[in-house]
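Q: One structure coming up, written as structure tokens, with questions to follow.
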Amino acid sequence: MKYFDKEDILHLVISDEPQSGSMELSPNITAELNDNGELIGIEILNASTFIQETVLDKGYAKELSLSNVQVS
């Protein structure tokens with residue numbers, strides 16, 4: 001997992017295989033695919049907003065033991 005602070009992009013690497021395609025899952029989430037169409041990575045744009053809206057605001061933080069996380 002790599003976070004690019006200036007761009008607010010979170011990149012999740014599943015495999016080091018070369019990317020040969022991609023599929024937009026939502027306006028800010030792209031699945032990266034190998035030659036066989038298998039998932040090798042995920043890129044999340046506006047990652048801080050995505051994490052806040054999907055994890056913190058929906059109450060998953062408590063389940064993930066993130067209850068002490070402060071959102072600015």
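Chain labels A, B, ... are given in the sequence in which chains occur in the structure tokens; within each chain residues are numbered consecutively from 1, and ligands are likewise numbered from 1 in the order shown.
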Excluding A:Glu7 and its own-chain neighbours fewer than 5 positions away, which residues fall within 10 Å of it when counting only C-alpha atoms? Please give them as a short mmCIF file (atom, residue, chain, number, x, y, z; two decimals) with C-alpha atoms, in the first residue's frame.

A:
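Output file result_38.cif follows:
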```
data_model
loop_
_atom_site.label_atom_id
_atom_site.label_comp_id
_atom_site.auth_asym_id
_atom_site.auth_seq_id
_atom_site.Cartn_x
_atom_site.Cartn_y
_atom_site.Cartn_z
CA LEU A 45 -8.34 9.12 -5.97
CA ASN A 46 -9.34 11.60 -3.25
CA ALA A 47 -8.39 8.86 -0.82
#
```

Q: Might you pull out every residue within 8 Å of stretch 20-32 of chain A, with only C-alpha atoms counted and same-chain residues fewer than 3 positions away left off, and present them as a list in words?

A: Asp35, Gly37, Leu39, Ile40, Gly41, Ile42, Glu43, Ile44, Leu45 and Asn46 of chain A

Q: Please, could you write that set of residues out with N, CA and C atoms as a PDB file, in the first residue's frame?

A:
```pdb
ATOM      1  N   ASP A  35      -2.572  -9.111 -17.885  1.00  0.00           N
ATOM      2  CA  ASP A  35      -2.912  -9.612 -19.218  1.00  0.00           C
ATOM      3  C   ASP A  35      -4.106 -10.557 -19.224  1.00  0.00           C
ATOM      4  N   GLY A  37      -6.684 -10.276 -17.264  1.00  0.00           N
ATOM      5  CA  GLY A  37      -7.855  -9.595 -16.723  1.00  0.00           C
ATOM      6  C   GLY A  37      -8.028  -9.776 -15.231  1.00  0.00           C
ATOM      7  N   LEU A  39      -7.184  -8.948 -11.244  1.00  0.00           N
ATOM      8  CA  LEU A  39      -6.913  -7.766 -10.429  1.00  0.00           C
ATOM      9  C   LEU A  39      -5.493  -7.814  -9.874  1.00  0.00           C
ATOM     10  N   ILE A  40      -4.721  -6.749 -10.117  1.00  0.00           N
ATOM     11  CA  ILE A  40      -3.362  -6.665  -9.579  1.00  0.00           C
ATOM     12  C   ILE A  40      -3.160  -5.424  -8.715  1.00  0.00           C
ATOM     13  N   GLY A  41      -4.132  -4.509  -8.723  1.00  0.00           N
ATOM     14  CA  GLY A  41      -4.011  -3.314  -7.914  1.00  0.00           C
ATOM     15  C   GLY A  41      -5.274  -2.480  -7.950  1.00  0.00           C
ATOM     16  N   ILE A  42      -5.366  -1.564  -7.011  1.00  0.00           N
ATOM     17  CA  ILE A  42      -6.496  -0.642  -6.942  1.00  0.00           C
ATOM     18  C   ILE A  42      -5.946   0.752  -6.676  1.00  0.00           C
ATOM     19  N   GLU A  43      -6.459   1.720  -7.404  1.00  0.00           N
ATOM     20  CA  GLU A  43      -6.071   3.113  -7.205  1.00  0.00           C
ATOM     21  C   GLU A  43      -7.301   3.889  -6.755  1.00  0.00           C
ATOM     22  N   ILE A  44      -7.151   4.626  -5.653  1.00  0.00           N
ATOM     23  CA  ILE A  44      -8.249   5.411  -5.108  1.00  0.00           C
ATOM     24  C   ILE A  44      -7.847   6.880  -5.127  1.00  0.00           C
ATOM     25  N   LEU A  45      -8.551   7.671  -5.927  1.00  0.00           N
ATOM     26  CA  LEU A  45      -8.341   9.118  -5.972  1.00  0.00           C
ATOM     27  C   LEU A  45      -9.134   9.762  -4.845  1.00  0.00           C
ATOM     28  N   ASN A  46      -8.700  10.922  -4.388  1.00  0.00           N
ATOM     29  CA  ASN A  46      -9.345  11.602  -3.253  1.00  0.00           C
ATOM     30  C   ASN A  46      -9.481  10.626  -2.085  1.00  0.00           C
TER      31      ASN A  46
END
```

Q: Separation of atom CA of A:Phe50 and atom CA of A:Leu10, in Å?

A: 9.8 Å

Q: Using Å and a single decimal, report how far atom CA of A:Ile14 sits from atom CA of A:Met1.

A: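 It comes out at 8.8 Å.
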
Q: Measure the distance from atom CA of A:Ile9 to atom CA of A:Asn36 in Å and round it to one decimal.

A: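 Separating atom CA of A:Ile9 from atom CA of A:Asn36 is a distance of 25.4 Å.
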